[in-house]
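This is model_31.cif (mmCIF, C-alpha atoms).
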```cif
data_final
#
loop_
_atom_site.label_atom_id
_atom_site.label_comp_id
_atom_site.auth_asym_id
_atom_site.auth_seq_id
_atom_site.Cartn_x
_atom_site.Cartn_y
_atom_site.Cartn_z
CA MET A 22 -19.91 -35.27 15.36
CA LEU A 23 -16.66 -34.88 17.33
CA SER A 24 -13.55 -36.80 16.32
CA PRO A 25 -11.31 -38.50 18.92
CA ASP A 26 -8.86 -35.61 18.54
CA GLU A 27 -11.64 -33.08 19.18
CA LEU A 28 -12.91 -35.02 22.18
CA GLU A 29 -9.47 -34.75 23.75
CA ARG A 30 -8.93 -31.15 22.68
CA TYR A 31 -12.22 -29.98 24.19
CA ALA A 32 -12.22 -32.34 27.17
CA ARG A 33 -12.33 -29.53 29.74
CA HIS A 34 -15.42 -28.10 28.04
CA ILE A 35 -17.14 -31.44 27.68
CA VAL A 36 -16.91 -32.23 31.39
CA LEU A 37 -18.62 -28.92 32.21
CA ARG A 38 -22.24 -29.71 33.06
CA ASP A 39 -23.47 -26.59 31.25
CA VAL A 40 -21.58 -27.41 28.05
CA GLY A 41 -21.02 -31.15 27.62
CA GLY A 42 -20.99 -32.94 24.30
CA PRO A 43 -24.12 -31.20 22.94
CA GLY A 44 -22.72 -27.78 23.77
CA GLN A 45 -19.41 -28.55 22.14
CA ALA A 46 -21.20 -29.86 19.07
CA ALA A 47 -23.17 -26.59 18.94
CA LEU A 48 -19.90 -24.66 18.97
CA LYS A 49 -18.61 -26.79 16.10
CA ARG A 50 -21.76 -26.05 14.06
CA ALA A 51 -21.65 -22.31 14.80
CA SER A 52 -20.34 -19.55 12.57
CA VAL A 53 -19.18 -16.25 14.05
CA LEU A 54 -18.17 -13.04 12.27
CA VAL A 55 -15.72 -10.77 14.07
CA ILE A 56 -15.53 -7.16 12.93
CA GLY A 57 -11.95 -6.04 13.43
CA ALA A 58 -8.85 -8.12 14.17
CA GLY A 59 -7.51 -5.47 16.54
CA GLY A 60 -7.34 -5.03 20.30
CA LEU A 61 -10.75 -6.57 20.97
CA GLY A 62 -11.00 -8.90 18.01
CA ALA A 63 -7.57 -10.48 18.48
CA PRO A 64 -8.18 -12.15 21.87
CA ALA A 65 -11.80 -12.88 20.97
CA LEU A 66 -10.69 -14.75 17.86
CA MET A 67 -8.09 -16.77 19.71
CA TYR A 68 -10.48 -17.91 22.44
CA LEU A 69 -13.28 -18.67 19.97
CA ALA A 70 -10.85 -20.72 17.89
CA ALA A 71 -9.57 -22.52 20.98
CA ALA A 72 -13.18 -23.20 22.01
CA GLY A 73 -13.89 -24.95 18.73
CA VAL A 74 -16.23 -22.55 16.94
CA GLY A 75 -16.62 -24.21 13.54
CA THR A 76 -16.34 -21.17 11.28
CA LEU A 77 -14.70 -17.86 12.14
CA GLY A 78 -14.92 -14.92 9.78
CA VAL A 79 -13.01 -11.66 10.16
CA VAL A 80 -13.69 -8.32 8.49
CA ASP A 81 -10.58 -6.10 8.48
CA ASP A 82 -8.70 -4.33 5.69
CA ASP A 83 -5.88 -3.04 7.87
CA VAL A 84 -2.25 -4.15 7.97
CA VAL A 85 -0.21 -4.95 11.07
CA SER A 86 1.90 -2.12 12.45
CA LEU A 87 4.44 -2.16 15.26
CA SER A 88 2.19 -0.11 17.55
CA ASN A 89 -0.54 -2.78 17.25
CA LEU A 90 1.52 -5.44 19.00
CA GLN A 91 1.10 -3.98 22.48
CA ARG A 92 -2.46 -5.35 22.54
CA GLN A 93 -3.35 -7.18 19.30
CA VAL A 94 -1.98 -10.51 20.46
CA ILE A 95 -3.00 -12.54 17.41
CA HIS A 96 -0.28 -10.78 15.40
CA THR A 97 3.49 -11.02 15.89
CA THR A 98 6.55 -8.95 14.99
CA PRO A 99 7.23 -10.80 11.70
CA ASP A 100 3.65 -9.96 10.65
CA ILE A 101 4.32 -6.22 10.42
CA GLY A 102 3.13 -5.01 7.03
CA ARG A 103 0.90 -8.04 6.40
CA HIS A 104 -2.87 -7.85 6.18
CA LYS A 105 -4.36 -8.63 9.57
CA VAL A 106 -6.70 -11.24 8.10
CA GLU A 107 -3.63 -13.11 6.78
CA SER A 108 -1.74 -13.17 10.06
CA ALA A 109 -4.93 -14.00 11.96
CA ALA A 110 -5.60 -16.92 9.62
CA GLU A 111 -2.09 -18.27 10.20
CA ARG A 112 -2.31 -18.04 13.98
CA ILE A 113 -5.77 -19.64 14.12
CA ALA A 114 -4.70 -22.52 11.87
CA ALA A 115 -1.76 -23.17 14.19
CA LEU A 116 -3.97 -23.02 17.26
CA ASN A 117 -6.84 -25.19 16.03
CA PRO A 118 -6.86 -26.85 12.59
CA HIS A 119 -10.52 -27.84 13.08
CA VAL A 120 -11.63 -24.21 12.64
CA ASN A 121 -12.66 -22.96 9.20
CA PHE A 122 -11.28 -19.41 8.89
CA VAL A 123 -12.70 -16.91 6.39
CA GLY A 124 -10.88 -13.62 5.93
CA HIS A 125 -12.72 -10.62 4.49
CA ALA A 126 -10.03 -8.07 3.63
CA THR A 127 -12.43 -5.16 3.41
CA TRP A 128 -14.13 -2.60 5.62
CA LEU A 129 -17.72 -3.07 6.68
CA ASN A 130 -19.92 -0.66 4.73
CA ALA A 131 -23.56 -0.14 3.79
CA ASP A 132 -23.14 -2.12 0.56
CA ASN A 133 -21.57 -5.27 2.00
CA ALA A 134 -22.82 -5.37 5.60
CA LEU A 135 -26.00 -7.39 5.05
CA SER A 136 -24.37 -9.98 2.79
CA LEU A 137 -21.40 -10.45 5.14
CA ILE A 138 -23.44 -10.61 8.34
CA GLY A 139 -26.14 -12.79 6.79
CA ASP A 140 -23.62 -15.58 6.23
CA TYR A 141 -22.97 -16.02 9.98
CA ASP A 142 -24.97 -17.01 13.04
CA LEU A 143 -23.52 -14.42 15.41
CA VAL A 144 -21.55 -11.16 15.09
CA LEU A 145 -18.91 -9.66 17.38
CA ASP A 146 -18.14 -5.98 16.84
CA GLY A 147 -14.68 -4.97 17.98
CA SER A 148 -14.46 -1.83 15.86
CA ASP A 149 -13.04 1.42 17.22
CA ASN A 150 -15.48 4.01 15.87
CA PHE A 151 -19.14 4.86 16.32
CA SER A 152 -20.04 4.85 12.62
CA THR A 153 -19.10 1.17 12.31
CA ARG A 154 -20.82 0.31 15.57
CA TYR A 155 -24.10 1.85 14.40
CA LEU A 156 -23.76 0.20 11.00
CA ALA A 157 -23.05 -3.23 12.52
CA SER A 158 -25.98 -2.91 14.91
CA ASP A 159 -28.44 -1.76 12.24
CA ALA A 160 -27.28 -4.46 9.82
CA CYS A 161 -27.67 -7.16 12.48
CA PHE A 162 -31.22 -5.96 13.11
CA PHE A 163 -32.17 -6.22 9.43
CA ALA A 164 -30.31 -9.52 9.01
CA LYS A 165 -31.88 -10.88 12.22
CA ARG A 166 -28.54 -11.76 13.79
CA PRO A 167 -27.48 -11.33 17.43
CA LEU A 168 -24.66 -8.88 18.05
CA ILE A 169 -22.09 -8.71 20.83
CA THR A 170 -20.50 -5.28 20.89
CA ALA A 171 -17.71 -3.92 23.06
CA ALA A 172 -15.76 -0.69 23.36
CA LEU A 173 -12.50 0.38 24.96
CA GLY A 174 -11.43 3.58 26.62
CA THR A 175 -8.05 4.32 28.15
CA PHE A 176 -8.71 2.41 31.39
CA ASP A 177 -12.35 1.46 30.90
CA GLY A 178 -14.42 -0.85 28.76
CA SER A 179 -18.00 -1.84 28.11
CA LEU A 180 -19.83 -4.84 26.69
CA THR A 181 -23.41 -5.70 25.77
CA THR A 182 -25.44 -8.08 23.61
CA ILE A 183 -28.05 -6.84 21.14
CA ARG A 184 -31.00 -8.99 20.03
CA ALA A 185 -33.22 -6.16 18.85
CA HIS A 186 -34.91 -8.31 16.19
CA GLU A 187 -36.37 -10.54 18.93
CA THR A 188 -38.92 -9.99 21.67
CA ASN A 189 -38.63 -10.58 25.40
CA GLU A 190 -40.87 -12.60 27.70
CA GLN A 191 -43.39 -9.75 27.75
CA GLY A 192 -43.64 -9.78 23.97
CA GLU A 193 -41.79 -6.47 23.62
CA PHE A 194 -38.84 -5.92 21.31
CA ASN A 195 -35.43 -6.01 22.94
CA PRO A 196 -33.47 -2.74 22.97
CA THR A 197 -31.22 -1.70 20.10
CA TYR A 198 -27.77 -0.14 20.21
CA ARG A 199 -29.55 3.12 19.40
CA CYS A 200 -31.59 2.74 22.60
CA LEU A 201 -28.34 2.73 24.54
CA PHE A 202 -26.65 5.45 22.49
CA PRO A 203 -29.30 7.44 20.56
CA GLU A 204 -26.63 9.62 18.97
CA ALA A 205 -22.90 9.38 18.46
CA PRO A 206 -20.74 11.87 20.40
CA PRO A 207 -19.83 14.97 18.40
CA PRO A 208 -16.66 14.58 16.32
CA GLY A 209 -13.52 15.23 18.35
CA THR A 210 -15.06 14.64 21.77
CA VAL A 211 -13.85 11.04 22.02
CA PRO A 212 -10.11 10.86 21.31
CA ALA A 213 -8.82 8.06 19.13
CA CYS A 214 -6.68 5.28 20.57
CA ALA A 215 -3.56 6.76 18.96
CA GLU A 216 -4.16 10.04 20.79
CA ALA A 217 -5.39 8.89 24.20
CA GLY A 218 -3.77 5.46 24.46
CA VAL A 219 -5.22 2.20 25.73
CA MET A 220 -4.11 -0.37 28.29
CA GLY A 221 -3.17 -3.49 26.33
CA ALA A 222 -4.16 -6.00 29.00
CA LEU A 223 -7.60 -4.36 29.26
CA ALA A 224 -8.16 -5.08 25.56
CA GLY A 225 -7.35 -8.70 26.38
CA VAL A 226 -9.89 -8.75 29.20
CA MET A 227 -12.67 -7.21 27.11
CA GLY A 228 -11.94 -9.35 24.04
CA SER A 229 -11.95 -12.48 26.18
CA MET A 230 -15.27 -11.46 27.70
CA MET A 231 -16.68 -10.99 24.19
CA ALA A 232 -15.63 -14.56 23.43
CA LEU A 233 -17.17 -15.80 26.67
CA GLU A 234 -20.46 -14.08 25.89
CA ALA A 235 -20.39 -15.54 22.36
CA ILE A 236 -19.82 -19.04 23.71
CA ARG A 237 -22.64 -18.53 26.21
CA GLU A 238 -24.95 -17.37 23.41
CA ILE A 239 -24.12 -20.39 21.25
CA VAL A 240 -24.29 -23.03 23.99
CA GLY A 241 -27.17 -21.41 25.87
CA PHE A 242 -26.10 -21.40 29.52
CA GLY A 243 -26.52 -18.66 32.10
CA ASP A 244 -27.91 -15.15 31.71
CA GLY A 245 -26.74 -13.01 28.82
CA LEU A 246 -26.19 -9.29 28.45
CA VAL A 247 -29.31 -8.41 26.47
CA GLY A 248 -30.57 -5.16 27.97
CA ARG A 249 -27.53 -4.94 30.23
CA LEU A 250 -24.33 -2.96 29.74
CA LEU A 251 -21.31 -4.35 31.57
CA MET A 252 -18.81 -1.64 32.44
CA ILE A 253 -15.26 -2.09 33.69
CA ASP A 254 -13.15 0.52 35.45
CA ALA A 255 -9.62 -0.87 35.33
CA ARG A 256 -8.20 1.86 37.59
CA ALA A 257 -10.42 0.82 40.49
CA MET A 258 -10.83 -2.79 39.26
CA ARG A 259 -14.59 -2.29 39.50
CA PHE A 260 -17.28 -4.04 37.47
CA GLU A 261 -20.78 -2.55 37.20
CA THR A 262 -23.87 -3.48 35.20
CA LEU A 263 -26.35 -0.94 33.89
CA ARG A 264 -29.79 -2.04 32.73
CA TYR A 265 -31.31 -0.34 29.71
CA ALA A 266 -34.61 -0.77 27.90
CA ARG A 267 -36.08 -0.24 24.46
CA ASP A 268 -36.52 3.41 23.56
CA PRO A 269 -39.98 3.82 21.96
CA ALA A 270 -38.48 6.62 19.85
CA ASN A 271 -35.65 4.52 18.38
CA PRO A 272 -35.78 4.39 14.57
CA LEU A 273 -35.47 0.60 14.20
CA ASN A 274 -38.06 -1.15 16.39
CA GLY A 275 -39.59 1.85 18.15
CA ASP A 276 -43.26 2.73 18.14
CA GLY A 277 -42.84 4.56 14.82
CA PRO A 278 -39.82 3.02 13.05
CA VAL A 279 -38.38 5.13 10.24
CA MET A 280 -35.44 2.97 9.14
CA SER A 281 -36.10 0.11 6.72
CA ASP A 282 -32.62 -0.35 5.21
CA LEU A 283 -29.00 0.82 5.50
CA SER A 284 -29.30 3.76 3.10
CA ALA A 285 -28.64 6.24 5.93
CA HIS A 286 -25.14 4.78 6.24
CA ARG A 287 -24.20 5.48 2.64
CA VAL A 288 -22.14 8.56 1.89
CA GLY A 289 -24.65 11.34 1.42
CA GLY A 290 -27.42 9.07 2.71
#
```
Please render this file's structure as structure tokens.
Amino acid sequence: MLSPDELERYARHIVLRDVGGPGQAALKRASVLVIGAGGLGAPALMYLAAAGVGTLGVVDDDVVSLSNLQRQVIHTTPDIGRHKVESAAERIAALNPHVNFVGHATWLNADNALSLIGDYDLVLDGSDNFSTRYLASDACFFAKRPLITAALGTFDGSLTTIRAHETNEQGEFNPTYRCLFPEAPPPGTVPACAEAGVMGALAGVMGSMMALEAIREIVGFGDGLVGRLLMIDARAMRFETLRYARDPANPLNGDGPVMSDLSAHRVGG
């Protein structure tokens, strides 16, 4: 399945015992949707493209601004004013012509989430707001797709993998995003990036770790982050992992589920 050019391009993967030719072929067959081509999505996209993921999709309706360039490394100064999906497509094509790039110049919403997510094997959520994070997680549950979701603070970040549509070794459903965060913080309690700021290199670290977790999910080596929240404190350069379990009261796969679709995410829903 791999051409001579691909064999040379991915040589350092192929010699890895946990990847090899079969793992690289799995990456080539895989399709990954990245929500947001911003601080988290930009490095994730570049490393997934470099790794040889066969199809990369991006959902983002924003345009590149000068203030983005401090951390959104897939875009460059001449891209200012362009749609992010356009500049991302150009950079990925230059990095790896073997990758099929699909740009979705729209925002994820209750009407398009299931159709967009259902076209891919795996979803990475690099959005910057809780409403999109809940929507992405709920849609992945209904579409039966694994989700890797990350978040950035000023000097901190977090990362976890959600497979709430599947069961664990004990036959119990895996936890949902709503098990980790039952409710979003009240409006105004979490300042936006433009107000509080964010360390650009930290976005690179977290986005790269999203890509690493995606590659691990596709190839199947090691232990993933299902039921574990990885937290990074960049001030102290400290990494911690918090375990979390399914909440029987969660509305998706709890003992008495009350959500059967995405209608709650619609305006007025």
Residues of range 94-170 of chain A that approach range 230-243 of chain A to 10 Å or less, counting only C-alpha atoms: could you list each one with the shortest pair of atoms and its distance in Å to one decimal, rows by chain and increasing residue number, as CSV?
```
residue,atom,partner,partner_atom,distance
A:Asp142,CA,A:Ile239,CA,8.9
A:Leu143,CA,A:Ala235,CA,7.7
A:Val144,CA,A:Ala235,CA,8.6
A:Leu145,CA,A:Met231,CA,7.3
A:Asp146,CA,A:Met231,CA,9.0
A:Gly147,CA,A:Met231,CA,8.9
A:Pro167,CA,A:Glu238,CA,8.9
A:Leu168,CA,A:Ala235,CA,9.0
A:Ile169,CA,A:Met231,CA,6.8
A:Thr170,CA,A:Met231,CA,7.6
```
Open item on the list: Could you check the closest approach to Arg184 in chain A for each of A:Ala58, A:Met280, A:Ala266, A:Ala110 and tell me which residue wins, using only C-alpha atoms?
Closed with: A:Ala266
- [ ] Please identify all polymer residues within 12 Å of range 94-98 of chain A, counting all atoms listed in the file, omitting same-chain residues fewer than 3 positions from it, and present them as a PyMOL selection string.
- [x] chain A and resi 57-68+70+84-91+101-116+221-222+224-226+228-229
Selected residues written out, C-alpha atoms, as a PDB file, keeping the file's coordinate frame:
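So the final result, stored in selection-v1.pdb, reads:
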```
ATOM      1  CA  GLY A  57     -11.950  -6.040  13.430  1.00  0.00           C
ATOM      2  CA  ALA A  58      -8.850  -8.120  14.170  1.00  0.00           C
ATOM      3  CA  GLY A  59      -7.510  -5.470  16.540  1.00  0.00           C
ATOM      4  CA  GLY A  60      -7.340  -5.030  20.300  1.00  0.00           C
ATOM      5  CA  LEU A  61     -10.750  -6.570  20.970  1.00  0.00           C
ATOM      6  CA  GLY A  62     -11.000  -8.900  18.010  1.00  0.00           C
ATOM      7  CA  ALA A  63      -7.570 -10.480  18.480  1.00  0.00           C
ATOM      8  CA  PRO A  64      -8.180 -12.150  21.870  1.00  0.00           C
ATOM      9  CA  ALA A  65     -11.800 -12.880  20.970  1.00  0.00           C
ATOM     10  CA  LEU A  66     -10.690 -14.750  17.860  1.00  0.00           C
ATOM     11  CA  MET A  67      -8.090 -16.770  19.710  1.00  0.00           C
ATOM     12  CA  TYR A  68     -10.480 -17.910  22.440  1.00  0.00           C
ATOM     13  CA  ALA A  70     -10.850 -20.720  17.890  1.00  0.00           C
ATOM     14  CA  VAL A  84      -2.250  -4.150   7.970  1.00  0.00           C
ATOM     15  CA  VAL A  85      -0.210  -4.950  11.070  1.00  0.00           C
ATOM     16  CA  SER A  86       1.900  -2.120  12.450  1.00  0.00           C
ATOM     17  CA  LEU A  87       4.440  -2.160  15.260  1.00  0.00           C
ATOM     18  CA  SER A  88       2.190  -0.110  17.550  1.00  0.00           C
ATOM     19  CA  ASN A  89      -0.540  -2.780  17.250  1.00  0.00           C
ATOM     20  CA  LEU A  90       1.520  -5.440  19.000  1.00  0.00           C
ATOM     21  CA  GLN A  91       1.100  -3.980  22.480  1.00  0.00           C
ATOM     22  CA  ILE A 101       4.320  -6.220  10.420  1.00  0.00           C
ATOM     23  CA  GLY A 102       3.130  -5.010   7.030  1.00  0.00           C
ATOM     24  CA  ARG A 103       0.900  -8.040   6.400  1.00  0.00           C
ATOM     25  CA  HIS A 104      -2.870  -7.850   6.180  1.00  0.00           C
ATOM     26  CA  LYS A 105      -4.360  -8.630   9.570  1.00  0.00           C
ATOM     27  CA  VAL A 106      -6.700 -11.240   8.100  1.00  0.00           C
ATOM     28  CA  GLU A 107      -3.630 -13.110   6.780  1.00  0.00           C
ATOM     29  CA  SER A 108      -1.740 -13.170  10.060  1.00  0.00           C
ATOM     30  CA  ALA A 109      -4.930 -14.000  11.960  1.00  0.00           C
ATOM     31  CA  ALA A 110      -5.600 -16.920   9.620  1.00  0.00           C
ATOM     32  CA  GLU A 111      -2.090 -18.270  10.200  1.00  0.00           C
ATOM     33  CA  ARG A 112      -2.310 -18.040  13.980  1.00  0.00           C
ATOM     34  CA  ILE A 113      -5.770 -19.640  14.120  1.00  0.00           C
ATOM     35  CA  ALA A 114      -4.700 -22.520  11.870  1.00  0.00           C
ATOM     36  CA  ALA A 115      -1.760 -23.170  14.190  1.00  0.00           C
ATOM     37  CA  LEU A 116      -3.970 -23.020  17.260  1.00  0.00           C
ATOM     38  CA  GLY A 221      -3.170  -3.490  26.330  1.00  0.00           C
ATOM     39  CA  ALA A 222      -4.160  -6.000  29.000  1.00  0.00           C
ATOM     40  CA  ALA A 224      -8.160  -5.080  25.560  1.00  0.00           C
ATOM     41  CA  GLY A 225      -7.350  -8.700  26.380  1.00  0.00           C
ATOM     42  CA  VAL A 226      -9.890  -8.750  29.200  1.00  0.00           C
ATOM     43  CA  GLY A 228     -11.940  -9.350  24.040  1.00  0.00           C
ATOM     44  CA  SER A 229     -11.950 -12.480  26.180  1.00  0.00           C
TER      45      SER A 229
END
```
- [ ] Name every residue that the PyMOL selection byres ((chain A and resi 162) around 12) selects in this structure, writing the answer as a PyMOL selection string with chains first and numbers rising.
- [x] chain A and resi 134-135+138-139+143-144+155-161+163-168+183-187+194-199+272-274+280-283
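The shortest atom-to-atom distance to Ala270 in chain A, with all atoms listed in the file taken into account, belongs to A:Leu201 out of A:Leu246, A:Leu201, A:Ala131, A:Ile35.
In this comparison, which uses all atoms listed in the file, the residue of A:Val123, A:Asn189, A:Leu23, A:Arg267 approaching Gly41 in chain A most closely is A:Leu23.
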Task: Selection: 9 Å around range 119-122 of chain A, only C-alpha atoms, excl. self and same-chain fewer than 2 positions, as a ChimeraX atom specification - done: /A:27,49,70-71,73-79,109-110,113-114,117,124
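Coordinates place CA of Ala72 in chain A at a distance of 22.7 Å from CA of Leu137 in chain A.
Picture a line from CA of Leu129 in chain A to CA of Ala285 in chain A; it runs 14.4 Å.
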Task: Atom pair CA of Pro25 in chain A / CA of Pro118 in chain A: separation (Å) - done: 14.0 Å
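Among the candidates A:Asn133, A:Gly44, A:Cys200, A:Val80, the residue lying nearest to Gly275 in chain A is A:Cys200 (atoms considered: only C-alpha atoms).
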